[in-house]
Structures are given as C-alpha cells and as structure tokens.
Amino acid sequence: MAGLAFVAIGETAVAQPLDIRVREVVRSDAWQANATLGALSDAGNTWGAPGVIVLSTGLWIGGRLAHDPRMATIGFRAFEAIGVSGVITGTIKGIVGRARPRISPTDAGDVQWMRGARDGNDYQAFPSGHTTAAFAFAAAVTAETRRLAPERARAVGLTTYGLASVTAFARMYSDAHWLTDVIAGAAVGIVTGQAASRWHAKRPGHAIDRLFLGGDVAPLLRSTPTGQTVLGATVTWP
C-alpha cells in the first residue's frame with residue numbers, strides 16, 4: 001500500500017498542469033451556469049453514492065428472494081467489489097493527504113504524507129471514492145454478466161461504464177476532485193471489480209459464496225403483539 005501511495009504522489013506531481021486546466025474549464029461560469037450539466041452532475045454524484053451501493057444490494061437480496069441465482073451473484077459481486085475497492089481507496093486517501101480543489105484551487109500538488117488520516121475529508125481527494133465505487137460496480141457487473149448472460153454484456157457494459165463516467169465528471173464539476181483523482185479512482189474500481197469476478201470464477205463453491213449466495217431465502221411478513229407489521233427474510237442453509 002505504501003508503494004501505491006508513492007505512485008499516487010508522483011502522478012499528482014506530473015499531472016498538475018492538466019489538473020488545473022481541466023478544473024478551470026469545468027468550474028468556469030459558463031459550465032456552472034449550464035442547467036443540463038448541473039443536472040448531470042447531480043445524477044452522477046448520486047449514482048456514485050449511494051446509488052451503486054443500493055443497486056448492488058438490491059440485486060443481491062432481490063435475486064435471493066426471487067430465486068434468481070444470476071441476479072443474486074451479479075449483485076453480490078458488485079457489492080464485494082465496492083467494499084474491497086473502498087478499503088483500498090480509503091487507505092490511499094489517508095496516506096496521500098491531497099487537498100481537494102475547493103481547498104487548494106491553484107495548487108494541484110498540495111499533498112502531505114498521512115494528512116488525509118490526520119485532518120479528514122478536505123485532504124482526502126486522491127483517489128475519488130465515488131468514482132472508485134461507480135467503476136467497481138461497472139467492472140464487476142459487466143464481468144459477471146459476460147460470464148452468466150453474455151448476450152446482455154455489451155448493453156450492460158455501455159450503461160454501467162457510461163454512468164460511472166458521469167460520476168467521474170460530477171466529482172470534478174462539484175469541485176470535489178481533480179482529474180487525476182477520478183482517473184485513479186476509476187483504475188482502482190476497474191481492477192478490483194474484474195479481479196473479484198475472476199477470483200470467484202476460479203473458485204466455484206467457495207465458502208464466501210456458500211455463505212452469502214447459498215441457502216434458501218424466503219420473505220417474512222408477520223405481526224407483533226403490539227399490532228405492528230414486520231417485513232424481513234429468513235435464510236435456511238441445507
């Protein structure tokens with residue numbers, strides 16, 4: 001992880017001029033006044049969090065309840081990829097300590113070792129967490145769809161990667177991240193999502209899948225002694 005942090009610092013130093021130029025464009029008065037771009041940014045921010053987390057969980061749990069193993073597997077792979085990539089990105093954020101553009105708008109190289117862990121959110125720009133999650137979702141869902149339902153993989157890939165790109169744009173448009181932040185976030189997400197799919201493909205029936213994708217799930221609807229209705233689910237393992 002320390003090696004990744006050094007690479008991150010080197011990348012920010014090399015790409016400073018491009019980072020600042022891109023920020024000048026997306027933060028210009030003309031772009032900021034554009035209602036369409038503003039709406040696109042709002043959608044991208046929401047998709048990055050909580051959108052992909054809600055959808056991956058919904059696919060996983062919904063697939064279990066509907067007894068659709070393909071849907072459940074795709075959702076759970078995305079959930080796994082988002083979680084693992086989030087840990088990686090969060091660790092790098094704390095180590096690199098890069099100031100967000102709204103904090104240091106004229107200095108893309110404002111980086112201090114361990115400042116992210118010490119001083120919090122304003123100094124956790126690198127990499128972009130929203131972008132990481134969006135691309136992890138896209139990579140995992142596309143990879144699993146290609147394996148389980150290849151006839152739908154192209155449409156799924158175009159849709160999910162397109163939405164992830166909107167999230168990357170939104171993070172820059174909102175002045176939360178530099179260009180290199182979202183590039184790095186996308187890289188972490190893609191690698192993690194594809195790795196999660198490959199790892200499980202080589203280990204069919206692994207304990208993780210037996211625990212989270214095995215057993216029989218059934219909806220549960222019951223009334224409490226106080227008259228309240230409780231909705232939930234029961235899981236029975238063979």
# chains A, B, ... in the order shown; residues from 1 in each chain; ligands from 1

call {"tool": "select_by_dssp", "arguments": {"residues": "range 35-159 of chain A", "states": "alpha helix (DSSP H)", "output": "PyMOL selection string"}}
result
chain A and resi 35-46+52-65+69-96+115-119+129-148+153-159

call {"tool": "residues_around", "arguments": {"residues": "range 118-133 of chain A", "least_positions_apart": "5", "cutoff": "7 Å", "atoms": "only C-alpha atoms", "output": "number ranges by chain"}}
result
A: 48-49, 82, 85-86, 89, 93-94, 96-100, 103, 164, 167-168, 177, 181-182, 184-186, 188-189

call {"tool": "write_last_selection", "arguments": {"atoms": "C-alpha atoms", "output": "CSV table (one decimal), in the first residue's frame"}}
result
chain,number,residue,atom,x,y,z
A,48,GLY,CA,-21.6,7.1,-7.1
A,49,ALA,CA,-23.0,7.2,-3.6
A,82,ILE,CA,-17.4,-1.8,-4.0
A,85,SER,CA,-12.1,-1.1,-3.6
A,86,GLY,CA,-13.5,1.3,-0.9
A,89,THR,CA,-9.2,3.9,-1.9
A,93,LYS,CA,-6.7,8.8,0.8
A,94,GLY,CA,-5.4,8.7,4.3
A,96,VAL,CA,-1.5,10.6,0.4
A,97,GLY,CA,-3.3,13.5,2.1
A,98,ARG,CA,-4.1,15.5,-1.1
A,99,ALA,CA,-6.1,18.7,-0.7
A,100,ARG,CA,-9.4,18.9,-2.6
A,103,ILE,CA,-9.5,23.8,-0.6
A,164,ALA,CA,-19.5,5.7,-14.0
A,167,THR,CA,-19.9,10.2,-11.8
A,168,ALA,CA,-16.3,11.0,-12.6
A,177,HIS,CA,-11.7,16.2,-7.1
A,181,ASP,CA,-8.2,11.8,-8.6
A,182,VAL,CA,-11.0,10.4,-10.8
A,184,ALA,CA,-7.0,6.9,-10.2
A,185,GLY,CA,-10.4,6.1,-8.7
A,186,ALA,CA,-11.6,4.6,-12.0
A,188,VAL,CA,-8.9,1.1,-8.6
A,189,GLY,CA,-12.5,0.3,-9.3

call {"tool": "closest_atom_pairs", "arguments": {"of": "range 72-182 of chain A", "to": "range 22-42 of chain A", "cutoff": "8 Å", "atoms": "only C-alpha atoms", "output": "Markdown table"}}
result
| residue | atom | partner | partner_atom | distance |
| --- | --- | --- | --- | --- |
| A:Val166 | CA | A:Leu40 | CA | 7.1 |
| A:Thr167 | CA | A:Ser41 | CA | 7.2 |
| A:Phe169 | CA | A:Ser41 | CA | 7.0 |
| A:Ala170 | CA | A:Ser41 | CA | 4.2 |
| A:Arg171 | CA | A:Ser41 | CA | 7.6 |
| A:Met172 | CA | A:Arg23 | CA | 7.0 |
| A:Tyr173 | CA | A:Val26 | CA | 5.4 |
| A:Ser174 | CA | A:Ser41 | CA | 7.3 |
| A:Asp175 | CA | A:Arg27 | CA | 7.3 |
| A:Trp178 | CA | A:Arg23 | CA | 6.9 |
| A:Leu179 | CA | A:Val22 | CA | 6.9 |

call {"tool": "write_last_selection", "arguments": {"atoms": "N, CA and C atoms", "output": "CSV table (one decimal), in the first residue's frame"}}
result
chain,number,residue,atom,x,y,z
A,166,VAL,N,-20.1,9.5,-15.9
A,166,VAL,CA,-20.9,10.6,-15.4
A,166,VAL,C,-20.5,11.0,-14.0
A,167,THR,N,-20.3,9.9,-13.2
A,167,THR,CA,-19.9,10.2,-11.8
A,167,THR,C,-18.5,10.8,-11.7
A,169,PHE,N,-17.2,12.8,-14.0
A,169,PHE,CA,-17.4,14.2,-14.4
A,169,PHE,C,-18.0,15.0,-13.2
A,170,ALA,N,-19.0,14.4,-12.5
A,170,ALA,CA,-19.7,15.1,-11.4
A,170,ALA,C,-18.7,15.5,-10.3
A,171,ARG,N,-17.8,14.6,-10.0
A,171,ARG,CA,-16.9,14.9,-8.9
A,171,ARG,C,-15.9,16.1,-9.2
A,172,MET,N,-15.6,16.2,-10.5
A,172,MET,CA,-14.8,17.4,-10.9
A,172,MET,C,-15.7,18.6,-11.0
A,173,TYR,N,-16.9,18.5,-11.5
A,173,TYR,CA,-17.8,19.6,-11.7
A,173,TYR,C,-18.2,20.2,-10.3
A,174,SER,N,-18.3,19.3,-9.3
A,174,SER,CA,-18.6,19.7,-8.0
A,174,SER,C,-17.4,20.3,-7.2
A,175,ASP,N,-16.3,20.3,-7.8
A,175,ASP,CA,-15.0,20.8,-7.2
A,175,ASP,C,-14.6,19.9,-6.0
A,178,TRP,N,-9.8,16.5,-8.4
A,178,TRP,CA,-9.0,16.8,-9.6
A,178,TRP,C,-9.2,15.7,-10.7
A,179,LEU,N,-8.8,16.0,-11.9
A,179,LEU,CA,-8.8,15.0,-12.9
A,179,LEU,C,-8.1,13.7,-12.5

call {"tool": "residues_around", "arguments": {"residues": "range 139-152 of chain A", "least_positions_apart": "6", "cutoff": "7 Å", "atoms": "only C-alpha atoms", "output": "ChimeraX atom specification"}}
result
/A:70,74,77-78,81,190,193-194,196-197

call {"tool": "write_last_selection", "arguments": {"atoms": "N, CA and C atoms", "output": "compact mmCIF listing (two decimals), in the first residue's frame"}}
result
# COMPACT_ATOMS: atom_id res chain seq x y z
N ARG A 70 -28.52 -15.89 -10.91
CA ARG A 70 -27.68 -15.00 -11.72
C ARG A 70 -27.76 -13.56 -11.21
N ILE A 74 -24.57 -11.51 -9.54
CA ILE A 74 -24.11 -10.24 -10.11
C ILE A 74 -24.16 -9.14 -9.05
N ARG A 77 -21.34 -9.77 -6.39
CA ARG A 77 -20.01 -9.45 -6.89
C ARG A 77 -19.78 -7.93 -6.88
N ALA A 78 -20.80 -7.20 -7.30
CA ALA A 78 -20.68 -5.74 -7.29
C ALA A 78 -20.52 -5.23 -5.86
N ALA A 81 -16.99 -5.94 -4.75
CA ALA A 81 -16.02 -5.06 -5.41
C ALA A 81 -16.06 -3.66 -4.84
N ILE A 190 -11.97 -0.45 -11.50
CA ILE A 190 -11.97 -1.42 -12.60
C ILE A 190 -11.16 -2.66 -12.23
N GLY A 193 -13.04 -4.67 -9.49
CA GLY A 193 -14.25 -5.33 -9.98
C GLY A 193 -13.93 -6.54 -10.85
N GLN A 194 -12.97 -6.39 -11.75
CA GLN A 194 -12.60 -7.51 -12.61
C GLN A 194 -11.91 -8.62 -11.81
N ALA A 196 -12.41 -9.38 -8.65
CA ALA A 196 -13.41 -10.09 -7.85
C ALA A 196 -14.10 -11.16 -8.69
N SER A 197 -14.45 -10.80 -9.91
CA SER A 197 -15.12 -11.76 -10.79
C SER A 197 -14.19 -12.93 -11.13
